[in-house]
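Presented below is the structure to which this report refers.
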Protein chains: 2
Amino acid sequence: MKDVAARAGVGLKTVSRVVNEEPGVTPDTAARVQAAIDALGFRRNDSARLLRTRRTASVGLVLEDLADPFYASLSRAVEDVARAHGALLFTGSSTENPRREQELVLAFCARRVDGLVVVPAGDDHRYLVPEIDAGVATVFVDRPAGRIDADVVLTDNAGGTRAGVAHLIAHGHRRIGFIGDQPGIHTAAERLRGYREAMADAGIDVRPQWYAMGPTTPQRVQAVLASMLSGPEPVTALLAGNNRVTVTAVRVLSGRPEPVALVGFDDFELADLLDPPVTVVAQDAPGLGRTAAQMLFRRLDGAATGTSRVELPARLIPRGSGEIPPSS
Amino acid sequence: MKDVAARAGVGLKTVSRVVNEEPGVTPDTAARVQAAIDALGFRRNDSARLLRTRRTASVGLVLEDLADPFYASLSRAVEDVARAHGALLFTGSSTENPRREQELVLAFCARRVDGLVVVPAGDDHRYLVPEIDAGVATVFVDRPAGRIDADVVLTDNAGGTRAGVAHLIAHGHRRIGFIGDQPGIHTAAERLRGYREAMADAGIDVRPQWYAMGPTTPQRVQAVLASMLSGPEPVTALLAGNNRVTVTAVRVLSGRPEPVALVGFDDFELADLLDPPVTVVAQDAPGLGRTAAQMLFRRLDGAATGTSRVELPARLIPRGSGEIPPSS
DNA sequence: CAAGAGATGGACAACGTTGTCACGATCAGG
DNA sequence: CCTGATCGTGACAACGTTGTCCATCTCTTG
């Protein structure tokens, strides 16, 4: 900018005015400055600018895994809202690792992002208190923050599984299985809760071997499912607690003679092309991202009200696999 | 930092030294400074730091759509490499819009990112020359840059379709269709070229109604495919030029009585669960991202050699749909 | 013609860091 | 005890902007 000023024969501030289209510059002078800018290929250094103005026009997004389709569409929604507000987006994957989550969040804070959208991996976010006090708007999404009070946008997970299980019950099932992720994960716990509630509502006594929580690797899901399907009281229907479980379940079930009803949690592309088409409880990933981002910018725009908690409904989409009647 | 210095009763620079773990500070002083830091909840402002050091430790990633699984895994790979080099990642979706691409790229440049990974949407990147000259390392991925010489990492698209078509020919097909994306998109043009080459290699005269390039909306693909399957010389096999085409093709073909062989370009989750399982030519999305990011950092680490062009192979994965024999 | 108003332009400090350099204290060797 | 090296520390400028404030110049108006 100094160079531009020298070349145009004007003061530093005048160049700044031209660059920012501030009033008070003769068209003549402005043209001379613009010529110098073009000749030198000058571009304003936003880092320096933002150091001065104390707003970085950027937000940080921390999620579990950018490559997961669910989080990918969530990101995209956050990005769209950020763009509408003229902000750029930092993204980072925590890979379900609390330490990594904290590293990312603090790195973003050190960059002085205006706000954060976080899919928490850990269960203690007290480390964020100084940052939030310092003015970093923060919204949690998909899972609540741990041990601090903060804005959060969630799917109604319990309601979702409740609806899924009720759907199976309505189709005549009583021995219904549930395979969920690690119980430490909030969404997994909530989904289990919904399962229990729906079973209780129907007056069904849940056998311990009907549900399992743990890592959702194909091997483990396969083993767990096999054991649910054998024994004296085999399940006739399964509620799969997440996408990975659903996929493995489809594989396992397609290789078995007796039909088993299946409802998956989380929609996925091509679910309607499988045989049978897979009934799911769908989350609104873009909706989560959009809502979270909107809350963030509302807060940045000054709405300094207390923290709020929004729950988005999950939607049951019947496609076939969830409407299979009990085989015995 | 000023506050910390005051509280600890030391100079500004000493605090800086402690924060950056530079040598030459008595353990005693360091402890005092650290105490002040903790008490004040101080965190270094990286924006200011990077203004001074002229390295932002961040790279910008511009791609077509973050929500697309292909680009999502590409992003993730770029992120992993960036992380290994201690850099943060800005991401933005161009939505296949050249103006938007340019806006994003220039916004990243104004933030003084160290480097850029770009999936180009436009076909003229001369606007980037001043930036590259100014030292912004730039690598294009998935598609080459337009009208400038720059590093690029590509899939061997022509080789991929060539392999796919050859596979169909080996299974007895001669009337083979191809539905591709808009011809202006480099990857689409290359895939068409591979199709033509493979057909020519087999001495097959390609009828004009056997291939079509254009927007890959379900409606259009459906219409085009229907016309390919009718008439005096209907195709007995189809090579789908991208994911969206493949999905629509599966839908259309599953509703028809006569079996039609199908090879899709780009792998997708659950392809093996469909009936029949879908044979694809798979791209290595993480490989593209990883390679591009590695080239970027190699360049940042000083390797100022000429530009290079890397082509990653595409891999044919037979699963069933591509091995269906001709129906007539 | 004097004086006030409005337009135009620039000097300077500040944002929060780090690099450079110089200063004083301590220490080893002669 | 002196000399020179080494160590710890801090003052200061600089990075590239913008906000504040003041100076100048040109009108308009009484």
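Numbering starts fresh at 1 for the residues of each chain in the structure tokens, the chains themselves are lettered A, B, ... in the order given, and ligands are numbered from 1 as they appear.
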
For this session: Could the residues of chain A within 9 Å of chain D, counting only C-alpha atoms (C1' of nucleotides), be given as a list in words, please?
Result: Met1, Lys2, Lys13, Ser16, Arg44, Asn45, Asp46, Ser47, Ala48, Arg49, Leu50, Leu51, Arg52 and Thr53 of chain A

Problem set entry | Residues within 12 Å of B:Ala292, only C-alpha atoms (C1' of nucleotides), excluding chain neighbours under 3 positions, as a PyMOL selection string | chain B and resi 59+61+74-75+77-82+115-119+137-143+150-155+285-289+295-299+308-312

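Residue-level contact on chain A: within 7 Å of chain B, counting only C-alpha atoms, the set is Gly41, Arg43, Arg44, Asn45, Asp46, Ser47, Ala48, Leu51, Leu66, Ala67, Pro69, Ala72, Ser73, Arg76, Leu89, Phe90, Thr91, Ala110, Arg111, Arg112, Pro130, Leu273 and Leu274 of chain A.
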
Would you mind exporting C-alpha atoms of the selected residues as a compact mmCIF listing (two decimals), in the first residue's frame?
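Heads up, here's the output in selection25.txt:
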# COMPACT_ATOMS: atom_id res chain seq x y z
CA GLY A 41 -0.96 -5.88 -8.62
CA ARG A 43 -4.21 -6.55 -2.96
CA ARG A 44 -5.21 -5.41 0.48
CA ASN A 45 -3.82 -7.56 3.26
CA ASP A 46 -6.88 -8.61 5.17
CA SER A 47 -4.86 -10.04 8.03
CA ALA A 48 -3.44 -6.63 8.77
CA LEU A 51 -5.79 -6.81 13.19
CA LEU A 66 -15.26 -33.90 7.09
CA ALA A 67 -15.44 -36.95 4.86
CA PRO A 69 -21.56 -37.38 4.29
CA ALA A 72 -20.18 -32.85 4.84
CA SER A 73 -23.68 -31.53 4.26
CA ARG A 76 -21.90 -27.01 3.46
CA LEU A 89 -14.73 -20.74 7.03
CA PHE A 90 -11.94 -22.63 8.75
CA THR A 91 -12.67 -26.35 9.00
CA ALA A 110 -5.69 -17.92 18.45
CA ARG A 111 -6.55 -16.87 14.92
CA ARG A 112 -9.26 -14.78 16.52
CA PRO A 130 -12.16 -17.80 28.74
CA LEU A 273 -32.42 -48.53 -4.37
CA LEU A 274 -31.52 -51.37 -2.05

For this session: For chain C, report every residue with an atom at most 12 Å from chain B (counting only C-alpha atoms (C1' of nucleotides)), formatted as a list of chain:residue names.
Result: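 In the required form, that comes to C:DC15, C:DG16, C:DT17, C:DT18, C:DG19, C:DT20.
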
Exercise. Stretch 70-268 of chain A: which residues are alpha helix (DSSP H) by DSSP, as a VMD selection string?
Worked result: chain A and resid 70 to 84 98 to 110 129 to 133 157 to 170 186 to 201 218 to 229 243 to 254

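Residues in contact with B:Ala198 at up to 8 Å, not including ones fewer than 6 positions away on its chain and judged by only C-alpha atoms (C1' of nucleotides), are Thr161, Arg162, Ala163, Val165 and Ala166 of chain B.
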
Exercise. How far is it from atom CA of A:Val263 to atom CA of A:Ala145, in Å with one decimal?
Worked result: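 Taking atom CA of A:Val263 as the start and atom CA of A:Ala145 as the end point, the length is 28.5 Å.
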
For this session: Quote the spacing between atom CA of A:Ala35 and atom CA of A:Ala8 in Å to one decimal place.
Result: 7.9 Å

Exercise. To one decimal place, how far is atom CA of B:Val136 from atom CA of B:Asp124 in Å?
Worked result: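 Atom CA of B:Asp124 lies at a distance of 17.6 Å from atom CA of B:Val136.
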
Exercise. Just asking: which residues within stretch 129-261 of chain B are strand (DSSP E or B) according to DSSP, as a ChimeraX atom specification?
Worked result: /B:137-141,151-155,176-180,211-213,237-240,261

For this session: Determine, counting only C-alpha atoms (C1' of nucleotides), which protein, DNA and RNA residues have an atom within 10 Å of an atom of B:Val33; residues of the same chain fewer than 6 positions away are not included. Present the result as a PyMOL selection string.
Result: chain B and resi 4-10+14-19+27+39

Produce a file of the selected residues containing N, CA and C atoms, as a CSV table (one decimal), in the first residue's frame.
chain,number,residue,atom,x,y,z
B,4,VAL,N,0.2,-9.0,30.3
B,4,VAL,CA,0.9,-10.1,30.9
B,4,VAL,C,2.3,-9.5,31.4
B,5,ALA,N,2.9,-8.8,30.5
B,5,ALA,CA,4.2,-8.3,30.8
B,5,ALA,C,4.1,-7.4,32.1
B,6,ALA,N,3.1,-6.5,32.1
B,6,ALA,CA,3.0,-5.6,33.2
B,6,ALA,C,2.8,-6.4,34.5
B,7,ARG,N,1.9,-7.4,34.4
B,7,ARG,CA,1.6,-8.1,35.6
B,7,ARG,C,2.8,-8.9,36.1
B,8,ALA,N,3.6,-9.5,35.2
B,8,ALA,CA,4.7,-10.3,35.6
B,8,ALA,C,5.9,-9.4,35.9
B,9,GLY,N,5.8,-8.1,35.6
B,9,GLY,CA,6.9,-7.2,35.9
B,9,GLY,C,8.1,-7.4,35.0
B,10,VAL,N,7.8,-7.8,33.7
B,10,VAL,CA,8.9,-8.1,32.8
B,10,VAL,C,8.7,-7.3,31.5
B,14,THR,N,10.2,-10.5,26.7
B,14,THR,CA,10.4,-11.7,27.6
B,14,THR,C,9.1,-12.6,27.5
B,15,VAL,N,8.0,-11.9,27.6
B,15,VAL,CA,6.7,-12.7,27.5
B,15,VAL,C,6.7,-13.4,26.2
B,16,SER,N,7.0,-12.7,25.1
B,16,SER,CA,7.1,-13.4,23.8
B,16,SER,C,7.9,-14.6,23.8
B,17,ARG,N,9.1,-14.4,24.4
B,17,ARG,CA,10.0,-15.6,24.5
B,17,ARG,C,9.4,-16.8,25.2
B,18,VAL,N,8.7,-16.5,26.3
B,18,VAL,CA,8.1,-17.6,27.1
B,18,VAL,C,7.0,-18.3,26.2
B,19,VAL,N,6.2,-17.4,25.6
B,19,VAL,CA,5.1,-18.0,24.8
B,19,VAL,C,5.6,-18.9,23.7
B,27,PRO,N,14.3,-20.1,34.4
B,27,PRO,CA,13.1,-20.8,34.8
B,27,PRO,C,12.3,-20.0,35.7
B,39,ALA,N,-3.3,-16.5,34.8
B,39,ALA,CA,-4.2,-15.6,35.5
B,39,ALA,C,-5.1,-14.8,34.6

Exercise. Which one is closest to A:Gly241: A:Pro277, A:Gly160, A:Gly320, A:Gly255? Count only C-alpha atoms.
Worked result: A:Gly160

So which residues touch B:Val245 within 8 Å, counting only C-alpha atoms (C1' of nucleotides), skipping near sequence neighbours fewer than 4 positions away, as an mmCIF file with C-alpha atoms, in the first residue's frame?
data_model
loop_
_atom_site.group_PDB
_atom_site.id
_atom_site.type_symbol
_atom_site.label_atom_id
_atom_site.label_comp_id
_atom_site.auth_asym_id
_atom_site.auth_seq_id
_atom_site.Cartn_x
_atom_site.Cartn_y
_atom_site.Cartn_z
ATOM 1 C CA ILE B 179 -23.651 -40.263 -20.902
ATOM 2 C CA GLY B 180 -21.367 -37.526 -19.692
ATOM 3 C CA THR B 216 -26.691 -34.490 -15.551
ATOM 4 C CA THR B 217 -30.074 -33.810 -14.033
ATOM 5 C CA PRO B 218 -32.155 -36.937 -13.453
ATOM 6 C CA VAL B 221 -30.362 -38.473 -18.068
ATOM 7 C CA ALA B 240 -22.143 -43.567 -16.916
ATOM 8 C CA GLY B 241 -19.875 -40.525 -16.958
ATOM 9 C CA ALA B 249 -29.107 -45.108 -14.665
ATOM 10 C CA GLY B 264 -20.185 -46.188 -13.545
#
